[in-house]
>>> print(open('input10.pdb').read())   # PDB, C-alpha atoms, pLDDT in the B column
ATOM      1  CA  MET K   4      90.857 120.389 109.282  1.00 73.00           C
ATOM      2  CA  LYS K   5      91.048 119.010 105.791  1.00 80.00           C
ATOM      3  CA  LEU K   6      93.491 116.710 104.042  1.00 81.00           C
ATOM      4  CA  TYR K   7      94.329 118.668 100.894  1.00 88.00           C
ATOM      5  CA  ARG K   8      97.414 117.099  99.263  1.00 90.00           C
ATOM      6  CA  ILE K   9      98.929 113.644  98.894  1.00 93.00           C
ATOM      7  CA  ILE K  10     102.400 113.183  97.425  1.00 90.00           C
ATOM      8  CA  LEU K  11     102.731 110.270  95.001  1.00 92.00           C
ATOM      9  CA  PRO K  12     106.398 109.556  94.210  1.00 90.00           C
ATOM     10  CA  VAL K  13     107.167 108.763  90.566  1.00 91.00           C
ATOM     11  CA  LYS K  14     110.311 107.919  88.617  1.00 89.00           C
ATOM     12  CA  ASN K  15     109.393 109.899  85.490  1.00 94.00           C
ATOM     13  CA  ILE K  16     107.221 113.001  85.795  1.00 96.00           C
ATOM     14  CA  GLU K  17     106.355 113.086  82.081  1.00 98.00           C
ATOM     15  CA  GLU K  18     105.125 109.473  82.047  1.00 97.00           C
ATOM     16  CA  ALA K  19     103.259 109.992  85.333  1.00 97.00           C
ATOM     17  CA  ALA K  20     101.504 113.118  84.045  1.00 98.00           C
ATOM     18  CA  ARG K  21     100.368 111.245  80.913  1.00 98.00           C
ATOM     19  CA  PHE K  22      99.285 108.129  82.820  1.00 97.00           C
ATOM     20  CA  TYR K  23      97.261 109.923  85.474  1.00 97.00           C
ATOM     21  CA  ALA K  24      95.786 112.397  82.962  1.00 98.00           C
ATOM     22  CA  GLY K  25      94.281 109.340  81.265  1.00 97.00           C
ATOM     23  CA  ILE K  26      93.051 107.847  84.537  1.00 96.00           C
ATOM     24  CA  PHE K  27      91.573 111.084  85.906  1.00 97.00           C
ATOM     25  CA  ARG K  28      90.443 112.492  82.535  1.00 96.00           C
ATOM     26  CA  GLN K  29      92.058 115.853  83.211  1.00 98.00           C
ATOM     27  CA  ALA K  30      95.350 117.439  82.192  1.00 98.00           C
ATOM     28  CA  GLY K  31      96.404 118.448  85.680  1.00 98.00           C
ATOM     29  CA  GLN K  32      98.983 121.194  86.161  1.00 98.00           C
ATOM     30  CA  ARG K  33     102.791 121.169  86.093  1.00 98.00           C
ATOM     31  CA  VAL K  34     103.827 123.277  89.074  1.00 97.00           C
ATOM     32  CA  SER K  35     107.595 122.678  88.953  1.00 96.00           C
ATOM     33  CA  PRO K  36     109.998 120.575  86.866  1.00 96.00           C
ATOM     34  CA  GLY K  37     109.289 117.510  89.004  1.00 94.00           C
ATOM     35  CA  ARG K  38     105.738 118.100  90.279  1.00 94.00           C
ATOM     36  CA  HIS K  39     102.447 117.644  88.457  1.00 98.00           C
ATOM     37  CA  TYR K  40      99.210 118.260  90.388  1.00 97.00           C
ATOM     38  CA  PHE K  41      95.759 116.764  89.830  1.00 98.00           C
ATOM     39  CA  ASN K  42      92.807 118.320  91.669  1.00 97.00           C
ATOM     40  CA  LEU K  43      90.542 115.488  92.814  1.00 96.00           C
ATOM     41  CA  GLU K  44      87.527 117.342  94.195  1.00 94.00           C
ATOM     42  CA  GLY K  45      89.608 119.603  96.403  1.00 93.00           C
ATOM     43  CA  THR K  46      92.373 117.165  97.351  1.00 94.00           C
ATOM     44  CA  ILE K  47      95.536 117.443  95.285  1.00 94.00           C
ATOM     45  CA  LEU K  48      97.260 114.284  94.104  1.00 95.00           C
ATOM     46  CA  ALA K  49     100.809 115.533  93.567  1.00 94.00           C
ATOM     47  CA  CYS K  50     102.946 113.357  91.300  1.00 96.00           C
ATOM     48  CA  TYR K  51     106.481 114.064  92.489  1.00 91.00           C
ATOM     49  CA  ASP K  52     109.774 113.146  90.811  1.00 91.00           C
ATOM     50  CA  PRO K  53     112.443 114.377  93.255  1.00 87.00           C
ATOM     51  CA  LEU K  54     115.281 113.884  90.766  1.00 87.00           C
ATOM     52  CA  ALA K  55     113.527 115.968  88.069  1.00 91.00           C
ATOM     53  CA  ASP K  56     112.748 118.595  90.709  1.00 88.00           C
ATOM     54  CA  GLY K  57     116.449 118.842  91.598  1.00 86.00           C
ATOM     55  CA  ASP K  58     115.872 118.046  95.257  1.00 82.00           C
ATOM     56  CA  GLY K  59     119.387 116.737  95.788  1.00 74.00           C
ATOM     57  CA  ILE K  60     118.649 113.161  96.723  1.00 73.00           C
ATOM     58  CA  ASP K  61     120.522 110.323  95.076  1.00 69.00           C
ATOM     59  CA  ARG K  62     117.621 107.915  94.507  1.00 68.00           C
ATOM     60  CA  PRO K  63     113.902 108.006  93.742  1.00 64.00           C
ATOM     61  CA  TRP K  64     111.500 108.171  96.668  1.00 68.00           C
ATOM     62  CA  SER K  65     108.883 105.448  97.056  1.00 66.00           C
ATOM     63  CA  PHE K  66     106.099 104.160  99.301  1.00 65.00           C
ATOM     64  CA  HIS K  67     106.155 100.875 101.177  1.00 66.00           C
ATOM     65  CA  GLU K  68     104.442  98.290  98.942  1.00 67.00           C
ATOM     66  CA  ASN K  69     101.371  98.122 101.215  1.00 71.00           C
ATOM     67  CA  GLN K  70     101.006 101.863 101.862  1.00 82.00           C
ATOM     68  CA  PHE K  71      97.971 102.230  99.592  1.00 90.00           C
ATOM     69  CA  ILE K  72      96.363 105.481  98.538  1.00 92.00           C
ATOM     70  CA  TYR K  73      92.596 105.040  98.146  1.00 94.00           C
ATOM     71  CA  ILE K  74      90.794 106.965  95.396  1.00 96.00           C
ATOM     72  CA  ALA K  75      87.009 106.951  94.939  1.00 96.00           C
ATOM     73  CA  THR K  76      85.677 106.936  91.380  1.00 96.00           C
ATOM     74  CA  ASP K  77      82.373 106.838  89.519  1.00 97.00           C
ATOM     75  CA  GLU K  78      84.070 104.804  86.753  1.00 97.00           C
ATOM     76  CA  LEU K  79      85.577 101.820  88.566  1.00 98.00           C
ATOM     77  CA  GLU K  80      85.302  99.413  85.623  1.00 98.00           C
ATOM     78  CA  ALA K  81      86.858 101.895  83.163  1.00 98.00           C
ATOM     79  CA  VAL K  82      89.745 102.695  85.522  1.00 97.00           C
ATOM     80  CA  HIS K  83      90.314  98.965  86.100  1.00 98.00           C
ATOM     81  CA  ARG K  84      90.484  98.402  82.318  1.00 97.00           C
ATOM     82  CA  LYS K  85      93.017 101.249  81.934  1.00 97.00           C
ATOM     83  CA  PHE K  86      95.198  99.687  84.615  1.00 97.00           C
ATOM     84  CA  LEU K  87      94.949  96.251  82.986  1.00 97.00           C
ATOM     85  CA  GLU K  88      96.148  97.868  79.738  1.00 96.00           C
ATOM     86  CA  SER K  89      99.023  99.692  81.465  1.00 94.00           C
ATOM     87  CA  ALA K  90     102.564  98.602  82.231  1.00 86.00           C
ATOM     88  CA  SER K  91     101.745  98.138  85.916  1.00 90.00           C
ATOM     89  CA  GLU K  92     103.539  95.272  87.636  1.00 90.00           C
ATOM     90  CA  TYR K  93     100.551  94.245  89.781  1.00 94.00           C
ATOM     91  CA  ILE K  94      96.793  94.678  89.265  1.00 97.00           C
ATOM     92  CA  ASP K  95      93.979  92.702  90.855  1.00 97.00           C
ATOM     93  CA  PRO K  96      92.592  90.700  87.923  1.00 97.00           C
ATOM     94  CA  ASP K  97      89.026  91.361  89.077  1.00 98.00           C
ATOM     95  CA  ILE K  98      87.070  93.970  91.006  1.00 99.00           C
ATOM     96  CA  SER K  99      86.273  92.650  94.495  1.00 98.00           C
ATOM     97  CA  THR K 100      83.677  93.428  97.144  1.00 98.00           C
ATOM     98  CA  MET K 101      85.023  93.697 100.682  1.00 96.00           C
ATOM     99  CA  PRO K 102      83.069  92.354 103.694  1.00 94.00           C
ATOM    100  CA  TRP K 103      82.245  95.979 104.634  1.00 95.00           C
ATOM    101  CA  GLY K 104      80.713  96.555 101.197  1.00 96.00           C
ATOM    102  CA  GLU K 105      83.342  98.474  99.243  1.00 97.00           C
ATOM    103  CA  ARG K 106      83.799  97.486  95.580  1.00 98.00           C
ATOM    104  CA  LEU K 107      87.433  97.999  94.647  1.00 98.00           C
ATOM    105  CA  PHE K 108      90.653  96.831  93.082  1.00 98.00           C
ATOM    106  CA  TYR K 109      94.248  97.113  94.231  1.00 96.00           C
ATOM    107  CA  ALA K 110      97.182  97.809  91.933  1.00 96.00           C
ATOM    108  CA  TRP K 111     100.655  99.205  91.724  1.00 94.00           C
ATOM    109  CA  ASP K 112     100.780 102.078  89.279  1.00 94.00           C
ATOM    110  CA  PRO K 113     103.452 101.946  86.524  1.00 93.00           C
ATOM    111  CA  PHE K 114     105.839 103.656  88.981  1.00 90.00           C
ATOM    112  CA  GLY K 115     105.411 101.044  91.733  1.00 89.00           C
ATOM    113  CA  ASN K 116     103.034 103.039  93.950  1.00 90.00           C
ATOM    114  CA  PRO K 117     100.312 101.071  95.745  1.00 91.00           C
ATOM    115  CA  VAL K 118      96.896 102.478  94.805  1.00 94.00           C
ATOM    116  CA  CYS K 119      93.344 101.297  95.365  1.00 96.00           C
ATOM    117  CA  PHE K 120      90.352 102.521  93.378  1.00 97.00           C
ATOM    118  CA  VAL K 121      86.949 102.255  95.055  1.00 96.00           C
ATOM    119  CA  ASP K 122      83.435 102.606  93.621  1.00 97.00           C
ATOM    120  CA  ARG K 123      82.328 105.980  94.999  1.00 96.00           C
ATOM    121  CA  THR K 124      78.857 104.661  95.872  1.00 97.00           C
ATOM    122  CA  THR K 125      80.359 102.004  98.171  1.00 96.00           C
ATOM    123  CA  VAL K 126      83.000 104.042 100.070  1.00 94.00           C
ATOM    124  CA  PHE K 127      83.070 103.023 103.741  1.00 93.00           C
ATOM    125  CA  THR K 128      84.423 105.573 106.224  1.00 86.00           C
ATOM    126  CA  GLY K 129      83.927 103.670 109.444  1.00 81.00           C
TER     127      GLY K 129
END
>>> encode(input="input10.pdb", output="C-alpha coordinates")
Amino acid sequence: MKLYRIILPVKNIEEAARFYAGIFRQAGQRVSPGRHYFNLEGTILACYDPLADGDGIDRPWSFHENQFIYIATDELEAVHRKFLESASEYIDPDISTMPWGERLFYAWDPFGNPVCFVDRTTVFTG
(Lines of atoms letter the chains of each structure in order from A and count residues from 1; the text may use other names and numbers.)
(Lines give C-alpha, C1' and ligand atoms only; values in the text may rest on other atoms or scores of the structure.)
Protein backbone atom coordinates (compact mmCIF):
# COMPACT_ATOMS: atom_id res chain seq x y z
CA MET A 1 0.00 0.00 0.00
CA LYS A 2 1.03 3.57 -0.55
CA LEU A 3 -0.16 6.86 0.90
CA TYR A 4 -0.80 8.93 -2.23
CA ARG A 5 -2.83 12.03 -1.25
CA ILE A 6 -3.13 14.34 1.74
CA ILE A 7 -5.88 16.96 1.91
CA LEU A 8 -4.77 20.35 3.22
CA PRO A 9 -7.78 22.58 3.98
CA VAL A 10 -7.43 26.22 2.94
CA LYS A 11 -9.65 29.29 3.15
CA ASN A 12 -8.67 30.73 -0.24
CA ILE A 13 -7.64 28.39 -3.06
CA GLU A 14 -6.02 31.16 -5.12
CA GLU A 15 -3.80 32.33 -2.24
CA ALA A 16 -2.97 28.72 -1.31
CA ALA A 17 -1.97 27.85 -4.88
CA ARG A 18 0.35 30.88 -5.02
CA PHE A 19 1.84 30.26 -1.57
CA TYR A 20 2.58 26.58 -2.07
CA ALA A 21 3.79 27.10 -5.66
CA GLY A 22 6.48 29.32 -4.13
CA ILE A 23 7.31 26.81 -1.40
CA PHE A 24 7.42 23.77 -3.69
CA ARG A 25 8.81 25.59 -6.75
CA GLN A 26 6.17 24.13 -9.03
CA ALA A 27 2.88 25.42 -10.41
CA GLY A 28 0.81 22.43 -9.36
CA GLN A 29 -2.51 21.73 -11.08
CA ARG A 30 -6.02 23.10 -10.52
CA VAL A 31 -8.28 20.06 -10.67
CA SER A 32 -11.57 21.71 -9.66
CA PRO A 33 -12.70 25.18 -8.56
CA GLY A 34 -11.63 24.48 -4.98
CA ARG A 35 -8.80 21.94 -5.37
CA HIS A 36 -5.19 22.53 -6.39
CA TYR A 37 -2.81 19.55 -6.42
CA PHE A 38 0.96 19.48 -5.94
CA ASN A 39 2.82 16.26 -6.78
CA LEU A 40 5.49 15.75 -4.13
CA GLU A 41 7.43 12.76 -5.46
CA GLY A 42 4.33 10.66 -5.97
CA THR A 43 2.27 11.87 -3.01
CA ILE A 44 -0.28 14.56 -3.82
CA LEU A 45 -0.68 17.49 -1.46
CA ALA A 46 -4.21 18.62 -2.27
CA CYS A 47 -5.04 22.18 -1.23
CA TYR A 48 -8.80 22.10 -0.71
CA ASP A 49 -11.20 25.02 -0.28
CA PRO A 50 -14.59 23.36 0.29
CA LEU A 51 -16.51 26.63 -0.12
CA ALA A 52 -14.89 27.38 -3.51
CA ASP A 53 -15.54 23.77 -4.54
CA GLY A 54 -19.25 24.19 -3.75
CA ASP A 55 -19.32 21.28 -1.33
CA GLY A 56 -22.31 22.61 0.58
CA ILE A 57 -20.78 23.12 3.98
CA ASP A 58 -21.31 26.36 5.85
CA ARG A 59 -17.77 26.88 7.19
CA PRO A 60 -14.18 26.21 6.18
CA TRP A 61 -12.66 22.87 7.15
CA SER A 62 -9.52 22.82 9.28
CA PHE A 63 -7.07 20.55 11.09
CA HIS A 64 -6.58 20.42 14.84
CA GLU A 65 -3.71 22.82 15.66
CA ASN A 66 -1.33 19.94 16.49
CA GLN A 67 -2.25 17.66 13.57
CA PHE A 68 0.98 18.36 11.67
CA ILE A 69 1.75 17.29 8.13
CA TYR A 70 5.46 16.51 7.76
CA ILE A 71 7.19 17.36 4.47
CA ALA A 72 10.81 16.45 3.69
CA THR A 73 12.86 18.97 1.72
CA ASP A 74 16.38 19.43 0.38
CA GLU A 75 16.04 23.20 0.98
CA LEU A 76 15.11 23.49 4.65
CA GLU A 77 16.75 26.89 5.19
CA ALA A 78 15.13 28.41 2.07
CA VAL A 79 11.68 27.08 3.00
CA HIS A 80 12.12 28.40 6.55
CA ARG A 81 12.99 31.86 5.16
CA LYS A 82 9.89 31.82 2.92
CA PHE A 83 7.72 31.01 5.92
CA LEU A 84 9.33 33.76 7.99
CA GLU A 85 8.48 36.19 5.16
CA SER A 86 4.88 34.94 4.90
CA ALA A 87 1.75 35.99 6.74
CA SER A 88 1.80 32.83 8.86
CA GLU A 89 0.59 33.25 12.43
CA TYR A 90 3.18 30.88 13.94
CA ILE A 91 6.66 29.83 12.75
CA ASP A 92 9.49 28.39 14.82
CA PRO A 93 12.04 31.23 14.85
CA ASP A 94 14.89 28.76 14.34
CA ILE A 95 15.49 25.35 12.79
CA SER A 96 15.82 22.74 15.55
CA THR A 97 17.40 19.30 15.83
CA MET A 98 15.26 16.70 17.57
CA PRO A 99 16.79 14.09 19.94
CA TRP A 100 16.27 11.46 17.20
CA GLY A 101 18.30 13.56 14.75
CA GLU A 102 15.74 15.26 12.53
CA ARG A 103 16.44 18.90 11.60
CA LEU A 104 13.13 20.70 11.24
CA PHE A 105 10.85 23.61 11.92
CA TYR A 106 7.17 23.77 12.79
CA ALA A 107 4.76 26.39 11.48
CA TRP A 108 1.17 27.15 10.70
CA ASP A 109 0.77 27.99 7.05
CA PRO A 110 -1.04 31.26 6.17
CA PHE A 111 -4.33 29.29 6.30
CA GLY A 112 -3.78 27.98 9.84
CA ASN A 113 -2.67 24.45 8.90
CA PRO A 114 0.02 22.87 11.08
CA VAL A 115 2.99 21.88 8.90
CA CYS A 116 6.51 20.70 9.66
CA PHE A 117 9.38 20.81 7.18
CA VAL A 118 12.23 18.36 7.74
CA ASP A 119 15.71 18.20 6.20
CA ARG A 120 15.43 15.22 3.85
CA THR A 121 18.84 13.87 4.90
CA THR A 122 17.71 13.61 8.54
CA VAL A 123 14.22 12.05 8.15
CA PHE A 124 13.62 9.45 10.87
CA THR A 125 11.05 6.74 10.14
CA GLY A 126 11.33 4.71 13.30
>>> residues_near_point(input="input10.pdb", point="(83.4, 101.6, 92.9)", cutoff="9 Å", atoms="only C-alpha atoms", output="list in words")
Ala75, Thr76, Asp77, Glu78, Leu79, Glu80, Ile98, Glu105, Arg106, Leu107, Phe108, Phe120, Val121, Asp122, Arg123, Thr124, Thr125 and Val126 of chain K
>>> closest_residue(input="input10.pdb", among="K:Phe22, K:Trp103, K:Tyr73, K:Phe127", to="Glu88 of chain K", atoms="all atoms listed in the file")
K:Phe22
>>> atom_distance(input="input10.pdb", atom1="atom CA of Ile26 of chain K", atom2="atom CA of Gly129 of chain K")
26.9 Å
>>> axis_aligned_box(input="input10.pdb", around="segment 33-37 of chain K", padding_each_side="8 Å", output="lines of an AutoDock Vina configuration file")
center_x = 106.4
center_y = 120.4
center_z = 87.6
size_x = 23.2
size_y = 21.8
size_z = 19.0
>>> residues_around(input="input10.pdb", residues="segment 27-44 of chain K", least_positions_apart="3", cutoff="12 Å", atoms="only C-alpha atoms", output="PyMOL selection string")
chain K and resi 6-24+47-58+63+73-79+81-82+85+120
>>> atom_distance(input="input10.pdb", atom1="atom CA of Gly115 of chain K", atom2="atom CA of Glu92 of chain K")
7.3 Å
>>> atom_distance(input="input10.pdb", atom1="atom CA of Phe86 of chain K", atom2="atom CA of Trp111 of chain K")
9.0 Å
>>> resolve_selection(input="input10.pdb", expression="the PyMOL selection byres ((chain K and resi 94) around 10)", output="count of residues only")
20
